[in-house]
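Visitor: If it helps, the file is called query-v3.tsv and holds TSV, C-alpha atoms and all ligand atoms:
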chain	number	residue	atom	x	y	z
E	174	MET	CA	22.53	-48.82	40.77
E	175	VAL	CA	21.57	-51.18	43.55
E	176	LEU	CA	23.61	-51.09	46.73
E	177	THR	CA	25.17	-54.11	48.36
E	178	ARG	CA	24.28	-54.93	51.92
E	179	GLU	CA	27.71	-53.65	53.01
E	180	GLU	CA	27.21	-50.33	51.20
E	181	ASN	CA	23.81	-49.96	52.81
E	182	GLU	CA	25.30	-50.54	56.28
E	183	ARG	CA	28.06	-48.07	55.57
E	184	LEU	CA	25.64	-45.26	54.73
E	185	THR	CA	23.24	-45.85	57.57
E	186	ARG	CA	24.76	-47.24	60.79
E	187	VAL	CA	25.49	-44.62	63.43
E	188	GLY	CA	27.20	-46.40	66.33
E	189	PRO	CA	30.77	-45.73	67.49
E	190	GLY	CA	33.34	-47.02	65.01
E	191	THR	CA	30.94	-47.28	62.08
E	192	PRO	CA	31.84	-45.20	58.98
E	193	ALA	CA	28.69	-43.04	59.03
E	194	GLY	CA	28.76	-42.94	62.83
E	195	GLU	CA	32.26	-41.50	62.76
E	196	LEU	CA	31.21	-38.92	60.17
E	197	LEU	CA	28.18	-37.90	62.24
E	198	ARG	CA	30.43	-37.52	65.29
E	199	ARG	CA	32.10	-34.54	63.61
E	200	TYR	CA	29.01	-32.36	64.15
E	201	TRP	CA	27.10	-30.89	67.08
E	202	HIS	CA	23.66	-32.42	67.55
E	203	PRO	CA	20.68	-31.08	69.49
E	204	ILE	CA	19.73	-33.56	72.20
E	205	ALA	CA	17.10	-31.89	74.37
E	206	ILE	CA	14.91	-28.86	74.84
E	207	ALA	CA	16.83	-26.75	77.35
E	208	ARG	CA	13.77	-25.71	79.33
E	209	GLU	CA	12.88	-29.36	79.93
E	210	LEU	CA	15.87	-29.72	82.27
E	211	THR	CA	14.50	-28.17	85.47
E	212	PRO	CA	15.38	-28.23	89.18
E	213	GLN	CA	12.54	-30.73	89.59
E	214	GLN	CA	13.81	-32.84	86.68
E	215	PRO	CA	17.56	-32.14	86.50
E	216	THR	CA	18.60	-35.39	84.77
E	217	ARG	CA	17.46	-36.98	81.59
E	218	PHE	CA	18.24	-40.11	79.59
E	219	VAL	CA	19.60	-39.34	76.14
E	220	ARG	CA	20.44	-41.74	73.36
E	221	LEU	CA	22.52	-40.19	70.60
E	222	LEU	CA	24.29	-42.03	67.78
E	223	GLY	CA	23.60	-45.30	69.55
E	224	GLU	CA	25.23	-44.18	72.83
E	225	ASP	CA	23.24	-44.22	76.06
E	226	LEU	CA	23.91	-41.12	78.10
E	227	VAL	CA	22.63	-38.99	80.95
E	228	LEU	CA	22.19	-35.27	80.56
E	229	PHE	CA	22.17	-33.30	83.82
E	230	ARG	CA	22.45	-29.85	85.27
E	231	ASP	CA	24.20	-29.64	88.61
E	232	GLN	CA	23.26	-27.18	91.32
E	233	ALA	CA	25.97	-24.79	90.15
E	234	GLY	CA	24.22	-24.64	86.76
E	235	ARG	CA	26.82	-26.66	84.85
E	236	VAL	CA	25.41	-29.04	82.25
E	237	GLY	CA	27.03	-32.39	81.63
E	238	LEU	CA	26.56	-35.43	79.42
E	239	LEU	CA	27.95	-38.68	80.77
E	240	ALA	CA	27.72	-42.36	79.95
E	241	HIS	CA	24.54	-43.41	81.70
E	242	ARG	CA	25.89	-46.36	83.70
E	243	CYS	CA	27.79	-45.64	86.87
E	244	ALA	CA	31.44	-46.73	86.73
E	245	HIS	CA	31.03	-48.48	90.07
E	246	ARG	CA	28.52	-51.23	89.36
E	247	GLY	CA	26.43	-49.88	86.56
E	248	ALA	CA	23.30	-48.36	88.08
E	249	SER	CA	21.75	-45.65	85.95
E	250	LEU	CA	22.92	-42.12	86.66
E	251	VAL	CA	19.55	-40.87	85.39
E	252	TYR	CA	18.41	-41.55	88.96
E	253	GLY	CA	21.40	-39.75	90.46
E	254	ARG	CA	21.11	-36.72	92.72
E	255	VAL	CA	22.41	-33.43	91.42
E	256	GLU	CA	24.64	-31.56	93.83
E	257	ALA	CA	26.77	-28.42	93.77
E	258	ARG	CA	29.77	-30.38	92.49
E	259	GLY	CA	28.02	-32.68	90.05
E	260	LEU	CA	25.91	-35.80	89.86
E	261	ALA	CA	25.94	-38.44	92.63
E	262	CYS	CA	24.89	-41.97	91.74
E	263	ALA	CA	21.78	-42.83	93.74
E	264	TYR	CA	23.05	-46.33	94.57
E	265	HIS	CA	26.28	-45.73	96.57
E	266	GLY	CA	26.92	-42.05	95.96
E	267	TRP	CA	29.85	-42.02	93.55
E	268	LEU	CA	30.03	-38.39	92.56
E	269	TYR	CA	30.85	-37.20	89.01
E	270	ASP	CA	31.55	-33.76	87.65
E	271	THR	CA	30.55	-32.63	84.14
E	272	ALA	CA	33.97	-33.63	82.78
E	273	GLY	CA	33.47	-37.21	83.98
E	274	ASN	CA	35.93	-36.99	86.88
E	275	ILE	CA	35.05	-39.09	89.89
E	276	LEU	CA	35.13	-36.85	92.96
E	277	GLU	CA	33.87	-39.20	95.67
E	278	THR	CA	33.59	-42.98	96.07
E	279	PRO	CA	31.59	-43.57	99.26
E	280	PRO	CA	31.75	-45.06	101.70
E	281	GLU	CA	35.58	-45.19	101.49
E	282	ARG	CA	37.69	-42.79	99.46
E	283	ASN	CA	39.40	-44.95	96.85
E	284	GLU	CA	42.25	-42.78	95.53
E	285	ALA	CA	43.25	-45.29	92.84
E	286	ILE	CA	39.78	-45.23	91.35
E	287	ILE	CA	39.48	-41.48	91.69
E	288	ARG	CA	42.78	-41.02	89.90
E	289	HIS	CA	42.48	-43.64	87.18
E	290	VAL	CA	38.82	-44.13	86.34
E	291	LYS	CA	36.99	-41.60	84.23
E	292	GLN	CA	33.39	-41.61	83.16
E	293	ARG	CA	32.86	-41.03	79.43
E	294	ALA	CA	31.84	-37.37	79.15
E	295	TYR	CA	30.96	-35.16	76.20
E	296	PRO	CA	30.78	-31.40	75.79
E	297	VAL	CA	27.35	-29.79	75.84
E	298	GLN	CA	26.30	-26.27	74.95
E	299	GLN	CA	23.04	-24.40	75.01
E	300	PHE	CA	22.05	-22.69	71.78
E	301	LEU	CA	18.62	-21.46	70.64
E	302	GLY	CA	16.82	-23.07	73.54
E	303	LEU	CA	18.34	-26.49	72.85
E	304	TYR	CA	21.17	-28.44	74.42
E	305	TRP	CA	23.65	-29.61	71.79
E	306	ALA	CA	26.24	-32.33	72.21
E	307	TYR	CA	29.46	-33.20	70.42
E	308	LEU	CA	30.55	-36.84	70.49
E	309	GLY	CA	33.57	-36.60	68.23
E	310	PRO	CA	37.29	-36.25	68.79
E	311	PRO	CA	38.53	-32.96	70.27
E	312	PRO	CA	38.77	-30.15	69.50
E	313	ALA	CA	35.06	-29.63	68.86
E	314	PRO	CA	34.16	-27.39	65.91
E	315	ILE	CA	31.61	-24.59	66.25
E	316	ILE	CA	27.89	-24.85	65.58
E	317	PRO	CA	27.78	-23.46	62.02
E	318	PRO	CA	26.25	-19.99	61.68
E	319	TYR	CA	23.41	-20.89	59.32
E	320	ASP	CA	21.17	-17.91	58.60
E	321	VAL	CA	18.12	-19.55	60.18
E	322	TRP	CA	20.03	-19.87	63.44
E	323	VAL	CA	21.88	-16.57	63.68
E	324	ARG	CA	19.96	-13.87	61.83
E	325	LYS	CA	19.04	-11.05	64.18
E	326	ASP	CA	16.13	-9.62	62.21
E	327	GLY	CA	13.47	-12.08	63.31
E	328	ARG	CA	12.19	-14.57	65.80
E	329	ARG	CA	12.72	-18.26	66.03
E	330	ARG	CA	10.64	-21.06	67.38
E	331	ILE	CA	11.39	-24.69	68.00
E	332	ILE	CA	9.05	-27.32	66.68
E	333	VAL	CA	9.47	-30.75	68.20
E	334	ARG	CA	8.26	-33.20	65.61
E	335	GLY	CA	9.18	-36.14	67.78
E	336	ARG	CA	10.71	-39.51	67.21
E	337	VAL	CA	10.67	-41.15	63.82
E	338	ASP	CA	11.00	-44.91	64.04
E	339	CYS	CA	13.49	-45.43	61.25
E	340	ASN	CA	17.06	-44.79	60.25
E	341	TRP	CA	18.11	-41.16	59.67
E	342	PHE	CA	19.44	-41.64	56.14
E	343	GLN	CA	16.16	-42.52	54.44
E	344	ILE	CA	14.74	-39.29	55.88
E	345	MET	CA	17.65	-37.43	54.28
E	346	GLU	CA	17.12	-39.20	50.96
E	347	ASN	CA	13.58	-37.85	51.00
E	348	SER	CA	15.08	-34.35	51.12
E	349	VAL	CA	16.70	-34.82	47.71
E	350	ASP	CA	13.61	-36.43	46.21
E	351	PRO	CA	11.72	-33.34	45.00
E	352	ASP	CA	9.31	-35.15	42.71
E	353	HIS	CA	7.47	-36.77	45.60
E	354	LEU	CA	5.99	-33.36	46.52
E	355	GLN	CA	3.53	-33.26	43.66
E	356	ILE	CA	2.50	-36.87	44.14
E	357	LEU	CA	2.67	-37.81	47.84
E	358	HIS	CA	1.52	-34.37	48.96
E	359	GLN	CA	-0.95	-33.66	46.16
E	360	GLU	CA	-3.88	-32.99	48.53
E	361	TYR	CA	-1.93	-30.27	50.30
E	362	ILE	CA	-0.47	-28.40	47.39
E	363	GLY	CA	-3.56	-28.42	45.21
E	364	ARG	CA	-5.47	-25.92	47.35
E	365	GLY	CA	-8.76	-27.18	46.09
E	366	LYS	CA	-7.59	-27.73	42.55
E	367	GLN	CA	-7.97	-31.32	41.34
E	368	PRO	CA	-5.04	-33.05	39.69
E	369	VAL	CA	-5.57	-34.61	36.29
E	370	ASN	CA	-5.25	-37.97	38.00
E	371	THR	CA	-3.97	-39.15	41.35
E	372	THR	CA	-1.19	-41.25	39.84
E	373	ARG	CA	0.60	-38.18	38.49
E	374	GLY	CA	-0.73	-35.67	41.02
E	375	PHE	CA	0.60	-32.24	40.07
E	376	ILE	CA	3.91	-33.51	38.69
E	377	ASP	CA	3.11	-32.15	35.24
E	378	ASP	CA	3.26	-28.61	36.66
E	379	VAL	CA	7.01	-29.11	37.04
E	380	ALA	CA	9.23	-28.36	34.06
E	381	SER	CA	12.50	-29.63	35.54
E	382	THR	CA	14.37	-30.51	38.68
E	383	ASP	CA	18.06	-30.15	39.21
E	384	PHE	CA	20.68	-30.61	41.93
E	385	TYR	CA	23.98	-28.93	42.52
E	386	LEU	CA	26.57	-28.96	45.27
E	387	VAL	CA	27.05	-25.96	47.52
E	388	SER	CA	29.72	-25.61	50.22
E	389	TYR	CA	27.37	-26.96	52.92
E	390	GLY	CA	25.29	-29.53	51.05
E	391	ILE	CA	23.07	-30.08	48.04
E	392	MET	CA	20.82	-27.42	46.55
E	393	LYS	CA	17.76	-28.79	44.84
E	394	LYS	CA	16.08	-26.71	42.25
E	395	ARG	CA	12.61	-27.15	40.93
E	396	VAL	CA	11.39	-25.07	38.00
E	397	TYR	CA	7.68	-24.92	37.38
E	398	LYS	CA	6.18	-24.55	33.94
E	399	ASN	CA	4.80	-21.15	35.00
E	400	GLY	CA	8.30	-19.89	35.73
E	401	VAL	CA	8.29	-20.26	39.51
E	402	VAL	CA	11.63	-21.50	40.80
E	403	ASP	CA	11.91	-23.29	44.15
E	404	GLU	CA	15.44	-23.70	45.38
E	405	HIS	CA	16.25	-24.90	48.87
E	406	PRO	CA	19.06	-27.04	50.25
E	407	LEU	CA	19.83	-30.23	52.07
E	408	ILE	CA	22.41	-29.22	54.65
E	409	PHE	CA	24.92	-32.02	54.94
E	410	PRO	CA	24.73	-34.45	56.59
E	411	ASN	CA	21.37	-34.48	58.37
E	412	MET	CA	19.35	-31.32	57.86
E	413	LEU	CA	16.85	-29.83	55.45
E	414	ARG	CA	16.40	-26.09	55.08
E	415	GLN	CA	12.88	-25.46	53.85
E	416	ALA	CA	10.21	-22.76	54.24
E	417	GLY	CA	12.18	-20.64	56.69
E	418	GLY	CA	13.14	-23.56	58.87
E	419	ILE	CA	15.94	-26.03	59.36
E	420	GLN	CA	14.71	-29.54	60.08
E	421	ILE	CA	17.29	-31.53	61.97
E	422	ARG	CA	17.22	-35.30	61.83
E	423	VAL	CA	19.17	-36.36	64.89
E	424	PRO	CA	20.15	-40.03	64.79
E	425	ILE	CA	19.14	-41.55	68.13
E	426	ASP	CA	20.38	-44.97	67.04
E	427	ASP	CA	20.30	-47.06	63.87
E	428	THR	CA	16.52	-47.26	63.75
E	429	HIS	CA	15.26	-44.11	65.51
E	430	THR	CA	15.63	-40.44	64.68
E	431	TRP	CA	14.66	-37.34	66.65
E	432	HIS	CA	13.08	-34.73	64.39
E	433	VAL	CA	13.29	-31.16	65.56
E	434	GLU	CA	12.92	-27.99	63.56
E	435	ILE	CA	14.13	-24.44	64.13
E	436	ARG	CA	12.01	-21.93	62.23
E	437	PHE	CA	12.81	-18.32	61.56
E	438	GLU	CA	10.33	-15.58	60.86
E	439	PRO	CA	11.78	-12.24	59.89
E	440	THR	CA	10.35	-9.08	61.42
E	441	PRO	CA	8.24	-7.21	58.86
E	442	ASP	CA	10.39	-4.09	59.13
E	443	GLY	CA	13.74	-5.84	59.36
E	444	SER	CA	14.34	-4.73	62.95
E	445	SER	CA	16.49	-6.81	65.28
E	446	VAL	CA	14.99	-8.74	68.16
E	447	GLU	CA	16.31	-10.76	71.10
E	448	ASP	CA	15.20	-14.37	71.02
E	449	ALA	CA	17.73	-16.38	72.99
E	450	ASP	CA	15.07	-18.74	74.33
E	451	PRO	CA	12.58	-19.39	71.52
E	452	PRO	CA	9.13	-20.80	72.25
E	453	VAL	CA	8.69	-24.53	71.81
E	454	GLN	CA	5.82	-26.23	70.05
E	455	TYR	CA	5.22	-29.97	70.31
E	456	ASN	CA	3.61	-31.61	67.33
E	457	ARG	CA	0.92	-34.20	67.65
E	458	PRO	CA	1.89	-37.74	66.66
E	459	HIS	CA	1.55	-38.79	63.04
E	460	LYS	CA	0.45	-42.35	63.78
E	461	GLU	CA	-1.82	-44.41	65.97
E	462	PRO	CA	-0.84	-45.83	68.39
E	463	PRO	CA	2.05	-43.33	68.55
E	464	GLU	CA	4.59	-45.94	69.71
E	465	ALA	CA	3.59	-48.64	67.22
E	466	LEU	CA	5.60	-49.69	64.20
E	467	TYR	CA	4.38	-50.37	60.71
E	468	PRO	CA	2.24	-52.36	59.89
E	469	GLU	CA	0.52	-52.13	63.31
E	470	ALA	CA	0.84	-48.35	63.25
E	471	CYS	CA	-1.74	-46.44	61.24
E	472	TYR	CA	-0.41	-43.17	59.82
E	473	THR	CA	-2.78	-40.22	60.04
E	474	MET	CA	-1.71	-38.73	56.68
E	475	HIS	CA	-3.31	-35.51	58.01
E	476	ASP	CA	-0.67	-33.16	56.63
E	477	VAL	CA	2.55	-32.99	54.67
E	478	TYR	CA	4.70	-34.14	57.60
E	479	ALA	CA	2.38	-37.03	58.40
E	480	GLN	CA	2.63	-38.22	54.81
E	481	ASP	CA	6.41	-37.94	54.89
E	482	HIS	CA	6.41	-39.83	58.17
E	483	MET	CA	4.52	-42.66	56.50
E	484	ALA	CA	6.95	-42.73	53.58
E	485	TRP	CA	10.04	-42.69	55.83
E	486	GLU	CA	8.94	-45.38	58.26
E	487	THR	CA	7.28	-47.80	55.88
E	488	GLN	CA	10.56	-48.14	53.98
E	489	GLY	CA	11.60	-50.20	57.01
E	490	PRO	CA	13.66	-49.59	60.15
E	491	ILE	CA	16.68	-49.36	57.83
E	492	ALA	CA	15.60	-49.18	54.19
E	493	ASP	CA	16.90	-52.21	52.31
E	494	ARG	CA	18.68	-50.59	49.38
E	495	THR	CA	19.61	-53.96	47.91
E	496	GLN	CA	16.00	-54.33	46.75
E	497	GLU	CA	15.21	-50.98	45.17
E	498	HIS	CA	14.95	-49.90	41.53
E	499	LEU	CA	16.25	-46.40	41.05
E	500	SER	CA	15.04	-44.30	38.17
E	501	TYR	CA	16.06	-41.03	36.54
E	502	SER	CA	14.10	-39.03	39.10
E	503	ASP	CA	16.25	-40.58	41.86
E	504	ARG	CA	19.45	-38.85	40.79
E	505	GLY	CA	19.34	-36.59	43.86
E	506	ILE	CA	19.48	-39.71	45.98
E	507	HIS	CA	22.38	-41.02	43.96
E	508	LEU	CA	24.17	-37.69	44.47
E	509	LEU	CA	23.60	-37.75	48.23
E	510	ARG	CA	24.93	-41.30	48.54
E	511	LYS	CA	28.00	-40.36	46.51
E	512	LEU	CA	28.57	-37.28	48.66
E	513	MET	CA	28.16	-39.32	51.81
E	514	LYS	CA	30.66	-41.87	50.58
E	515	GLU	CA	33.21	-39.15	49.77
E	516	GLN	CA	32.76	-37.41	53.10
E	517	ILE	CA	33.12	-40.69	55.03
E	518	GLU	CA	36.41	-41.16	53.20
E	519	ARG	CA	37.53	-37.67	54.20
E	520	VAL	CA	36.90	-38.50	57.85
E	521	GLN	CA	38.83	-41.74	57.44
E	522	GLN	CA	41.74	-39.71	56.06
E	523	GLY	CA	41.68	-37.46	59.13
E	524	LEU	CA	40.11	-34.50	57.30
E	525	ASP	CA	37.09	-32.45	58.31
E	526	PRO	CA	33.97	-33.39	56.33
E	527	MET	CA	31.66	-30.90	54.62
E	528	GLY	CA	29.99	-28.41	56.92
E	529	VAL	CA	32.45	-28.68	59.82
E	530	ILE	CA	33.45	-25.14	60.75
E	531	ARG	CA	36.19	-24.21	63.18
E	532	ASP	CA	36.53	-20.45	62.75
E	533	PRO	CA	34.44	-18.76	65.49
E	534	HIS	CA	34.28	-15.65	63.28
E	535	HIS	CA	32.99	-17.49	60.25
E	536	PRO	CA	30.46	-15.27	58.45
E	537	MET	CA	26.81	-16.19	58.40
E	538	ILE	CA	26.00	-18.98	55.93
E	539	ASP	CA	23.30	-17.96	53.48
E	540	THR	CA	21.06	-20.96	52.71
E	541	ASN	CA	19.00	-19.08	50.12
E	542	LEU	CA	16.42	-18.31	52.76
E	543	LEU	CA	14.98	-15.35	50.91
E	544	GLY	CA	15.47	-16.64	47.40
E	545	GLU	CA	13.79	-19.96	48.13
E	546	ALA	CA	10.70	-19.47	46.02
E	547	GLN	CA	11.25	-16.82	43.41
E	548	GLY	CA	8.14	-15.66	41.67
E	549	THR	CA	5.70	-17.06	44.19
E	550	ARG	CA	4.10	-13.74	45.05
E	551	GLY	CA	0.47	-13.82	44.04
E	552	ASN	CA	-1.52	-16.81	42.91
E	553	SER	CA	-0.48	-17.12	39.32
E	554	HIS	CA	1.23	-20.47	39.68
E	555	PRO	CA	-0.68	-23.60	38.74
E	556	ALA	CA	-0.34	-25.79	41.81
E	557	GLY	CA	-0.51	-22.98	44.31
E	558	ILE	CA	2.92	-23.78	45.63
E	559	ALA	CA	4.23	-20.87	47.62
E	560	GLY	CA	7.63	-21.04	49.23
E	561	ASN	CA	6.53	-20.43	52.78
E	562	ALA	CA	3.06	-21.86	52.58
E	563	VAL	CA	3.63	-25.60	52.67
E	564	PRO	CA	6.22	-26.57	55.23
E	565	GLY	CA	7.32	-30.15	55.15
E	566	ASP	CA	9.93	-32.24	53.44
E	567	ARG	CA	9.50	-31.36	49.87
E	601	LIG	S1	26.52	-48.28	91.19
E	601	LIG	FE1	26.79	-46.17	91.29
E	601	LIG	S2	27.73	-45.83	93.16
E	601	LIG	FE2	27.49	-47.94	93.09
E	602	FE	FE	7.57	-34.71	51.63
Kindly transcribe the structure held in the file into structure tokens.

Guide:
Amino acid sequence: MVLTREENERLTRVGPGTPAGELLRRYWHPIAIARELTPQQPTRFVRLLGEDLVLFRDQAGRVGLLAHRCAHRGASLVYGRVEARGLACAYHGWLYDTAGNILETPPERNEAIIRHVKQRAYPVQQFLGLYWAYLGPPPAPIIPPYDVWVRKDGRRRIIVRGRVDCNWFQIMENSVDPDHLQILHQEYIGRGKQPVNTTRGFIDDVASTDFYLVSYGIMKKRVYKNGVVDEHPLIFPNMLRQAGGIQIRVPIDDTHTWHVEIRFEPTPDGSSVEDADPPVQYNRPHKEPPEALYPEACYTMHDVYAQDHMAWETQGPIADRTQEHLSYSDRGIHLLRKLMKEQIERVQQGLDPMGVIRDPHHPMIDTNLLGEAQGTRGNSHPAGIAGNAVPGDR
């Protein structure tokens, strides 16, 4: 079923007032690595969901997220000076607190402006070494307690995979496209074994794939002919839980996405550990030159992520779904689009969409972290696919 141009826009656009943009504004999004905001570099430009913002930490340690242009005459607050009470615009010193109140309007004190003008401001919280922002209507929900984020019996690390130069939704469609694993990533799952031919890769090792809805997204299930079952979920709307990690695809704007992953490694003996500030790893770019767009950019294809990166970006800045030809193996994509459409409608009716959680005591959400790859112990499986061995979007 081909989409119309309007349907394509509806699924993909992220700006304020757009259907998908309003849906995405119901969730907290990571916007920066917390340790990157330092006394030497206390402000930072952030673009999230098409909104240009400044993230800052004032000298009292409060963190704020404001519209980036000063309410006075529009200079960038990224160049502002942080003070004990907030952020002062570098140009004429208008001073803002983290709630967007204007505290000073030098050189005069303009009470009318101080009373009536407010800078757009959004709540920020620090969680797992990241700053997270909420751009939706109050009250903000909680950050959902997914197992990868809240389990105590292991350590986490942050992997910054960087900016992907395309719309967020085609990255998410890849997460419900299990059959690409055995074809696109055939060099990395073969472990030295040669496929019968490169057209089919290792796809004939797979007996069946299936999809079913869970309370927080779509579980995809892949059953291999040797009995191995791989079952891991897309977490609605913009995450993939795979190989012990949650990959978050943060929409920067319509045509750029920040890709960051939080990975969890359990302690061997199940003991609890403190890891409030996980280490951060920065991945090397997947294309040359790193800022170039296809076709000027040349993708390295050096690992699973690099291959995914190629597939995501070469579909275009926003994949044109009016031109595609879906087949039986694309039914996960069809399911995701249907789910997205339904959840957009929920938001339009004033209801919370899937995955929005408001109860601060909500129990941990099990994403099948341990059951992901049943039967993968040992090397008996044909394509050498082990649950935790090949991280990527698969
Ligand atoms: S533009 Fe910011 S104080 Fe004048
Ligand atoms: Fe992939």

Visitor: At most 8 Å is the cut-off: for each residue in region 411-484 of chain E with any atom that close to an atom of region 316-338 of chain E, write down the nearest atom pair and the distance in Å rounded to one decimal, counting all atoms listed in the file, chain first then increasing number, as CSV.

Guide:
residue,atom,partner,partner_atom,distance
E:Gly417,CA,E:Val321,CA,7.0
E:Gly418,CA,E:Val321,CA,6.5
E:Ile419,CA,E:Val321,CA,6.9
E:Thr428,CA,E:Asp338,CA,6.0
E:His429,CA,E:Asp338,CA,4.6
E:Thr430,CA,E:Val337,CA,5.1
E:Trp431,CA,E:Arg336,CA,4.5
E:His432,CA,E:Arg334,CA,5.2
E:Val433,CA,E:Val333,CA,4.7
E:Glu434,CA,E:Ile332,CA,5.0
E:Ile435,CA,E:Ile331,CA,4.7
E:Arg436,CA,E:Arg329,CA,5.3
E:Phe437,CA,E:Arg329,CA,4.5
E:Glu438,CA,E:Gly327,CA,5.3
E:Pro439,CA,E:Gly327,CA,3.8
E:Thr440,CA,E:Gly327,CA,4.7
E:Gly443,CA,E:Asp326,CA,5.3
E:Ser444,CA,E:Asp326,CA,5.3
E:Ser445,CA,E:Asp326,CA,4.2
E:Val446,CA,E:Gly327,CA,6.1
E:Glu447,CA,E:Lys325,CA,7.4
E:Asp448,CA,E:Arg328,CA,6.0
E:Pro451,CA,E:Arg330,CA,4.9
E:Pro452,CA,E:Arg330,CA,5.1
E:Val453,CA,E:Ile331,CA,4.7
E:Gln454,CA,E:Ile332,CA,4.8
E:Tyr455,CA,E:Val333,CA,4.8
E:Asn456,CA,E:Arg334,CA,5.2
E:Arg457,CA,E:Arg334,CA,7.7
E:Pro458,CA,E:Gly335,CA,7.5
E:Leu466,CA,E:Asp338,CA,7.2
E:His482,CA,E:Val337,CA,7.2

Visitor: When distances are computed from only C-alpha atoms and all ligand atoms, which of E:Ala306, E:Cys243, E:Val369, E:Ile286 shows the smallest separation from ligand LIG 601 (chain E)?

Guide: E:Cys243

Visitor: In Å, with one decimal, what is the gap from CA of Leu524 (chain E) to CA of Cys339 (chain E)?

Guide: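 If I compute the distance from CA of Leu524 (chain E) to CA of Cys339 (chain E), I get 29.0 Å.
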
Visitor: Counting all atoms listed in the file, give me one row per residue of chain E with an atom at most 7 Å from an atom of ligand LIG 601 (chain E), showing the shortest contact pair and its distance in Å to one decimal, sorted by chain then residue number, as a Markdown table.

Guide:
| residue | atom | partner | partner_atom | distance |
| --- | --- | --- | --- | --- |
| E:Cys243 | CA | E:LIG601 | FE1 | 4.6 |
| E:Ala244 | CA | E:LIG601 | FE1 | 6.5 |
| E:His245 | CA | E:LIG601 | S1 | 4.7 |
| E:Arg246 | CA | E:LIG601 | S1 | 4.0 |
| E:Gly247 | CA | E:LIG601 | S1 | 4.9 |
| E:Ala248 | CA | E:LIG601 | S1 | 4.5 |
| E:Cys262 | CA | E:LIG601 | FE1 | 4.6 |
| E:Ala263 | CA | E:LIG601 | FE1 | 6.5 |
| E:Tyr264 | CA | E:LIG601 | S2 | 4.9 |
| E:His265 | CA | E:LIG601 | S2 | 3.7 |
| E:Gly266 | CA | E:LIG601 | S2 | 4.8 |
| E:Trp267 | CA | E:LIG601 | S2 | 4.4 |

Visitor: Residues within 9 Å of region 206-220 of chain E, please, as a PyMOL selection string. Count all atoms listed in the file; anything in the same chain fewer than 6 positions from it doesn't count.

Guide: chain E and resi 226-232+238+241+250-255+260+299-304+331+333+424-426+450+453

Visitor: Could you save those same residues with C-alpha atoms as a PDB file, in the coordinates of the input?

Guide:
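Okay, this is what ended up in selection.pdb:
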ATOM      1  CA  LEU E 226      23.910 -41.120  78.100  1.00  0.00           C
ATOM      2  CA  VAL E 227      22.630 -38.990  80.950  1.00  0.00           C
ATOM      3  CA  LEU E 228      22.190 -35.270  80.560  1.00  0.00           C
ATOM      4  CA  PHE E 229      22.170 -33.300  83.820  1.00  0.00           C
ATOM      5  CA  ARG E 230      22.450 -29.850  85.270  1.00  0.00           C
ATOM      6  CA  ASP E 231      24.200 -29.640  88.610  1.00  0.00           C
ATOM      7  CA  GLN E 232      23.260 -27.180  91.320  1.00  0.00           C
ATOM      8  CA  LEU E 238      26.560 -35.430  79.420  1.00  0.00           C
ATOM      9  CA  HIS E 241      24.540 -43.410  81.700  1.00  0.00           C
ATOM     10  CA  LEU E 250      22.920 -42.120  86.660  1.00  0.00           C
ATOM     11  CA  VAL E 251      19.550 -40.870  85.390  1.00  0.00           C
ATOM     12  CA  TYR E 252      18.410 -41.550  88.960  1.00  0.00           C
ATOM     13  CA  GLY E 253      21.400 -39.750  90.460  1.00  0.00           C
ATOM     14  CA  ARG E 254      21.110 -36.720  92.720  1.00  0.00           C
ATOM     15  CA  VAL E 255      22.410 -33.430  91.420  1.00  0.00           C
ATOM     16  CA  LEU E 260      25.910 -35.800  89.860  1.00  0.00           C
ATOM     17  CA  GLN E 299      23.040 -24.400  75.010  1.00  0.00           C
ATOM     18  CA  PHE E 300      22.050 -22.690  71.780  1.00  0.00           C
ATOM     19  CA  LEU E 301      18.620 -21.460  70.640  1.00  0.00           C
ATOM     20  CA  GLY E 302      16.820 -23.070  73.540  1.00  0.00           C
ATOM     21  CA  LEU E 303      18.340 -26.490  72.850  1.00  0.00           C
ATOM     22  CA  TYR E 304      21.170 -28.440  74.420  1.00  0.00           C
ATOM     23  CA  ILE E 331      11.390 -24.690  68.000  1.00  0.00           C
ATOM     24  CA  VAL E 333       9.470 -30.750  68.200  1.00  0.00           C
ATOM     25  CA  PRO E 424      20.150 -40.030  64.790  1.00  0.00           C
ATOM     26  CA  ILE E 425      19.140 -41.550  68.130  1.00  0.00           C
ATOM     27  CA  ASP E 426      20.380 -44.970  67.040  1.00  0.00           C
ATOM     28  CA  ASP E 450      15.070 -18.740  74.330  1.00  0.00           C
ATOM     29  CA  VAL E 453       8.690 -24.530  71.810  1.00  0.00           C
TER      30      VAL E 453
END

Visitor: Tell me, as a list in words, which residues lie within 8 Å of Arg373 (chain E), counting only C-alpha atoms; anything in the same chain fewer than 5 positions away does not count.

Guide: Gln355, Ile356 and Pro368 of chain E

Visitor: Please write the residues from the selection above to a file, keeping C-alpha atoms, as a CSV table (one decimal), keeping the file's coordinate frame.

Guide:
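Written file, result.csv:
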chain,number,residue,atom,x,y,z
E,355,GLN,CA,3.5,-33.3,43.7
E,356,ILE,CA,2.5,-36.9,44.1
E,368,PRO,CA,-5.0,-33.0,39.7

Visitor: Which residues of chain E have any atom within 8 Å of an atom in ligand FE 602 (chain E) when counting all atoms listed in the file, and what is the closest pair of atoms for each, with the distance in Å to one decimal? Order the rows by chain and rising number and write it as a Markdown table.

Guide:
| residue | atom | partner | partner_atom | distance |
| --- | --- | --- | --- | --- |
| E:Asn347 | CA | E:FE602 | FE | 6.8 |
| E:Ser348 | CA | E:FE602 | FE | 7.5 |
| E:Pro351 | CA | E:FE602 | FE | 7.9 |
| E:His353 | CA | E:FE602 | FE | 6.4 |
| E:Leu354 | CA | E:FE602 | FE | 5.5 |
| E:Leu357 | CA | E:FE602 | FE | 6.9 |
| E:His358 | CA | E:FE602 | FE | 6.6 |
| E:Val477 | CA | E:FE602 | FE | 6.1 |
| E:Tyr478 | CA | E:FE602 | FE | 6.6 |
| E:Gln480 | CA | E:FE602 | FE | 6.8 |
| E:Asp481 | CA | E:FE602 | FE | 4.7 |
| E:Gly565 | CA | E:FE602 | FE | 5.8 |
| E:Asp566 | CA | E:FE602 | FE | 3.9 |
| E:Arg567 | CA | E:FE602 | FE | 4.2 |
